Amino acid sequence: MAAGLRKRGRAGPATRAAGLCGQWLRRAWQERRLLLLEPRYTLLVAACLCLAEVGITFWVIHRVAYTEIDWKAYMAEVEGVINGTYDYTQLQGDTGPLVYPAGFVYIFMGLYYATDRGADIRMAQHIFAVLYLATLLLVFLIYHQTCKVPPFVFFFMCCASYRVHSIFVLRLFNDPVAMVLLFLSVNLLLAQRWSWGCCCFSLAVSVKMSVLLFAPGLLFLLLTKFGLRGALPKLGICAVLQVVLGLPFLLKNPVGYLSRSFDLGRQFLFRWTVNWRFLPEALFLHRAFHLALLTAHLTVLLLFALCRWHRLLVLGLIELSWNTYPSTSCSSAALHACHAVILLQLWLGPQPFPKTIPHSKKAH
């Protein structure tokens, strides 16, 4: 009898947990009309979508044809490093020279060995499928912590987006690797793990320079939280990590490494643009246009940093514009109209951030 009591005692916590879970599910069913509208159900909807994505992604891999674009070039570039070439100006693939920082080299070197020197495309697709599910999980966790977005939006973000599946498992681009590190960084920052968040952000930059577009936001948060003097050590983490990762290449040819991996003057082809399809090609390629865009971008950042700082999530027409291939003048113009509306709402909307940030959690 004592043994029976001990068994029931050990099963007690599990039984209570199961009971609480059952109550939560019954409540969710009773409020099923709010299930897709209330942010408090984010985790439940996210779990269902992740399970659905396992099947969808598996179907995409096995039913939709893989398209070779950059994978072979990636493999050729890292193979050069494996063979002992550390001069960035001597590393290139089928699509041109290596233009990504050192973190890209190390990560794709691992993929090189995991996929039989890049020959096992199906293995690479499954690895990127896992990466996709990890990215989804990290994004859902961000939305769960912010509690600002109704859960029905998530369906359009993942299951209904052909573009997302294409980037991850049908093209094997390096963007997913950079973004999963970025989203991990955002989760760490939300958890007040500032040092680890900065470390992951720097790792994301080391995969693809485009992640630097998020740097103004990180800088704003660091200055708000720590002030100028306190932010410097966190920024130092980002800088030191870049130097450590790039050290083998910096020792061989520092100018070659920096000019290739962080080339701010790269020229993009008009055929691939979505944002600026409505412009004449000559204007799109003109250097003055590039400088005007950079000036406008920095000006808007400065205005928001000094006067406002708001967040909004917005889908629908933006997703449709990006899914239109090849891009058209209408889709490109619609995209800019959406961006104009977002900027207007950001400027006129309420400020979500408190004037003082609570210091209840210890910063790391």
# chains A, B, ... in the order shown; residues from 1 in each chain; ligands from 1

$ residues_around --residues "stretch 127-137 of chain A" --least-positions-apart "4" --cutoff "9 Å" --atoms "only C-alpha atoms" --output "list in words"
Ala46, Ala47, Cys50, Glu53, Val54, Thr57, Phe58, Ile61, Leu111, Arg122, Met123, Leu141, Ile142, Cys158, Val164, His165, Phe168, Val169, Leu172, Pro176, Val177, Met179, Val180, Leu181, Phe183 and Leu184 of chain A

$ residues_around --residues "A:Asn275" --least-positions-apart "3" --cutoff "12 Å" --atoms "only C-alpha atoms" --output "ChimeraX atom specification"
/A:270-272,278-279,284,318,321-322,324,326-339

$ closest_residue --among "A:Leu291, A:Leu189, A:Ala178, A:Val78" --to "A:Leu222" --atoms "only C-alpha atoms"
A:Leu189

$ atom_distance --atom1 "atom CA of A:Arg277" --atom2 "atom CA of A:Ala215"
26.9 Å

$ select_by_dssp --residues "stretch 81-144 of chain A" --states "strand (DSSP E or B)" --output "PyMOL selection string"
chain A and resi 92-93+96-97

$ residues_around --residues "A:Leu258" --least-positions-apart "5" --cutoff "10 Å" --atoms "only C-alpha atoms" --output "PDB file with all heavy atoms, in the first residue's frame"
ATOM      1  N   TYR A  88      41.506  36.154 -50.621  1.00  0.00           N
ATOM      2  CA  TYR A  88      40.126  36.275 -51.088  1.00  0.00           C
ATOM      3  C   TYR A  88      40.032  36.644 -52.561  1.00  0.00           C
ATOM      4  O   TYR A  88      39.042  36.316 -53.219  1.00  0.00           O
ATOM      5  CB  TYR A  88      39.373  37.306 -50.236  1.00  0.00           C
ATOM      6  CG  TYR A  88      38.293  36.691 -49.368  1.00  0.00           C
ATOM      7  CD1 TYR A  88      38.609  35.704 -48.436  1.00  0.00           C
ATOM      8  CD2 TYR A  88      36.968  37.096 -49.477  1.00  0.00           C
ATOM      9  CE1 TYR A  88      37.627  35.138 -47.632  1.00  0.00           C
ATOM     10  CE2 TYR A  88      35.978  36.534 -48.683  1.00  0.00           C
ATOM     11  CZ  TYR A  88      36.310  35.557 -47.765  1.00  0.00           C
ATOM     12  OH  TYR A  88      35.323  34.983 -46.986  1.00  0.00           O
ATOM     13  N   VAL A  99      32.259  36.754 -52.327  1.00  0.00           N
ATOM     14  CA  VAL A  99      31.932  38.090 -51.826  1.00  0.00           C
ATOM     15  C   VAL A  99      31.269  38.047 -50.450  1.00  0.00           C
ATOM     16  O   VAL A  99      30.622  39.010 -50.048  1.00  0.00           O
ATOM     17  CB  VAL A  99      31.021  38.840 -52.831  1.00  0.00           C
ATOM     18  CG1 VAL A  99      31.770  39.138 -54.118  1.00  0.00           C
ATOM     19  CG2 VAL A  99      29.749  38.045 -53.106  1.00  0.00           C
ATOM     20  N   TYR A 100      31.429  36.942 -49.729  1.00  0.00           N
ATOM     21  CA  TYR A 100      30.825  36.806 -48.408  1.00  0.00           C
ATOM     22  C   TYR A 100      31.922  36.699 -47.350  1.00  0.00           C
ATOM     23  O   TYR A 100      33.001  36.162 -47.623  1.00  0.00           O
ATOM     24  CB  TYR A 100      29.926  35.574 -48.359  1.00  0.00           C
ATOM     25  CG  TYR A 100      28.871  35.570 -49.433  1.00  0.00           C
ATOM     26  CD1 TYR A 100      28.894  34.619 -50.452  1.00  0.00           C
ATOM     27  CD2 TYR A 100      27.859  36.534 -49.450  1.00  0.00           C
ATOM     28  CE1 TYR A 100      27.938  34.619 -51.460  1.00  0.00           C
ATOM     29  CE2 TYR A 100      26.901  36.542 -50.455  1.00  0.00           C
ATOM     30  CZ  TYR A 100      26.940  35.582 -51.452  1.00  0.00           C
ATOM     31  OH  TYR A 100      25.996  35.590 -52.443  1.00  0.00           O
ATOM     32  N   PRO A 101      31.662  37.176 -46.135  1.00  0.00           N
ATOM     33  CA  PRO A 101      32.678  37.149 -45.075  1.00  0.00           C
ATOM     34  C   PRO A 101      33.045  35.735 -44.635  1.00  0.00           C
ATOM     35  O   PRO A 101      32.493  34.734 -45.112  1.00  0.00           O
ATOM     36  CB  PRO A 101      32.009  37.943 -43.941  1.00  0.00           C
ATOM     37  CG  PRO A 101      30.960  38.769 -44.609  1.00  0.00           C
ATOM     38  CD  PRO A 101      30.463  37.939 -45.749  1.00  0.00           C
ATOM     39  N   GLY A 246      37.845  36.337 -39.417  1.00  0.00           N
ATOM     40  CA  GLY A 246      38.534  36.668 -40.665  1.00  0.00           C
ATOM     41  C   GLY A 246      40.043  36.639 -40.584  1.00  0.00           C
ATOM     42  O   GLY A 246      40.717  36.918 -41.590  1.00  0.00           O
ATOM     43  N   PHE A 249      42.361  35.050 -43.278  1.00  0.00           N
ATOM     44  CA  PHE A 249      42.312  35.758 -44.558  1.00  0.00           C
ATOM     45  C   PHE A 249      42.915  37.153 -44.440  1.00  0.00           C
ATOM     46  O   PHE A 249      43.532  37.652 -45.382  1.00  0.00           O
ATOM     47  CB  PHE A 249      40.866  35.843 -45.042  1.00  0.00           C
ATOM     48  CG  PHE A 249      40.164  34.515 -45.044  1.00  0.00           C
ATOM     49  CD1 PHE A 249      39.280  34.175 -44.019  1.00  0.00           C
ATOM     50  CD2 PHE A 249      40.404  33.585 -46.044  1.00  0.00           C
ATOM     51  CE1 PHE A 249      38.642  32.951 -44.001  1.00  0.00           C
ATOM     52  CE2 PHE A 249      39.772  32.346 -46.039  1.00  0.00           C
ATOM     53  CZ  PHE A 249      38.893  32.035 -45.015  1.00  0.00           C
ATOM     54  N   LEU A 250      42.754  37.771 -43.259  1.00  0.00           N
ATOM     55  CA  LEU A 250      43.357  39.087 -43.032  1.00  0.00           C
ATOM     56  C   LEU A 250      44.874  39.006 -43.024  1.00  0.00           C
ATOM     57  O   LEU A 250      45.562  39.924 -43.488  1.00  0.00           O
ATOM     58  CB  LEU A 250      42.849  39.660 -41.702  1.00  0.00           C
ATOM     59  CG  LEU A 250      41.378  40.096 -41.666  1.00  0.00           C
ATOM     60  CD1 LEU A 250      40.950  40.381 -40.234  1.00  0.00           C
ATOM     61  CD2 LEU A 250      41.165  41.327 -42.535  1.00  0.00           C
ATOM     62  N   ASN A 253      45.847  38.546 -47.001  1.00  0.00           N
ATOM     63  CA  ASN A 253      45.600  39.715 -47.851  1.00  0.00           C
ATOM     64  C   ASN A 253      44.460  40.530 -47.229  1.00  0.00           C
ATOM     65  O   ASN A 253      43.302  40.355 -47.597  1.00  0.00           O
ATOM     66  CB  ASN A 253      45.237  39.275 -49.274  1.00  0.00           C
ATOM     67  CG  ASN A 253      45.103  40.464 -50.227  1.00  0.00           C
ATOM     68  OD1 ASN A 253      45.093  41.620 -49.812  1.00  0.00           O
ATOM     69  ND2 ASN A 253      44.983  40.176 -51.510  1.00  0.00           N
ATOM     70  N   ASP A 263      32.103  44.662 -49.500  1.00  0.00           N
ATOM     71  CA  ASP A 263      32.137  45.582 -50.631  1.00  0.00           C
ATOM     72  C   ASP A 263      30.846  46.398 -50.668  1.00  0.00           C
ATOM     73  O   ASP A 263      29.786  45.895 -51.055  1.00  0.00           O
ATOM     74  CB  ASP A 263      32.308  44.793 -51.936  1.00  0.00           C
ATOM     75  CG  ASP A 263      32.423  45.706 -53.146  1.00  0.00           C
ATOM     76  OD1 ASP A 263      32.506  46.939 -52.958  1.00  0.00           O
ATOM     77  OD2 ASP A 263      32.415  45.192 -54.281  1.00  0.00           O
TER      78      ASP A 263
END

$ residues_around --residues "A:Leu49" --least-positions-apart "6" --cutoff "9 Å" --atoms "only C-alpha atoms" --output "PDB file with N, CA, C and O atoms, in the first residue's frame"
ATOM      1  N   PHE A 154       0.340  34.261 -39.199  1.00  0.00           N
ATOM      2  CA  PHE A 154       1.447  33.329 -39.336  1.00  0.00           C
ATOM      3  C   PHE A 154       1.266  32.371 -40.508  1.00  0.00           C
ATOM      4  O   PHE A 154       2.241  31.910 -41.096  1.00  0.00           O
ATOM      5  N   PHE A 155       0.018  32.047 -40.838  1.00  0.00           N
ATOM      6  CA  PHE A 155      -0.236  31.148 -41.962  1.00  0.00           C
ATOM      7  C   PHE A 155       0.324  31.729 -43.254  1.00  0.00           C
ATOM      8  O   PHE A 155       0.948  31.021 -44.055  1.00  0.00           O
ATOM      9  N   CYS A 158       4.266  31.587 -43.502  1.00  0.00           N
ATOM     10  CA  CYS A 158       5.005  30.347 -43.742  1.00  0.00           C
ATOM     11  C   CYS A 158       4.291  29.434 -44.728  1.00  0.00           C
ATOM     12  O   CYS A 158       4.723  29.312 -45.883  1.00  0.00           O
ATOM     13  N   CYS A 159       3.198  28.817 -44.341  1.00  0.00           N
ATOM     14  CA  CYS A 159       2.561  27.783 -45.161  1.00  0.00           C
ATOM     15  C   CYS A 159       2.176  28.276 -46.544  1.00  0.00           C
ATOM     16  O   CYS A 159       2.280  27.539 -47.531  1.00  0.00           O
TER      17      CYS A 159
END

$ atom_distance --atom1 "atom CA of A:Ala282" --atom2 "atom CA of A:Arg266"
16.0 Å

$ atom_distance --atom1 "atom CA of A:Thr67" --atom2 "atom CA of A:Gly103"
24.6 Å
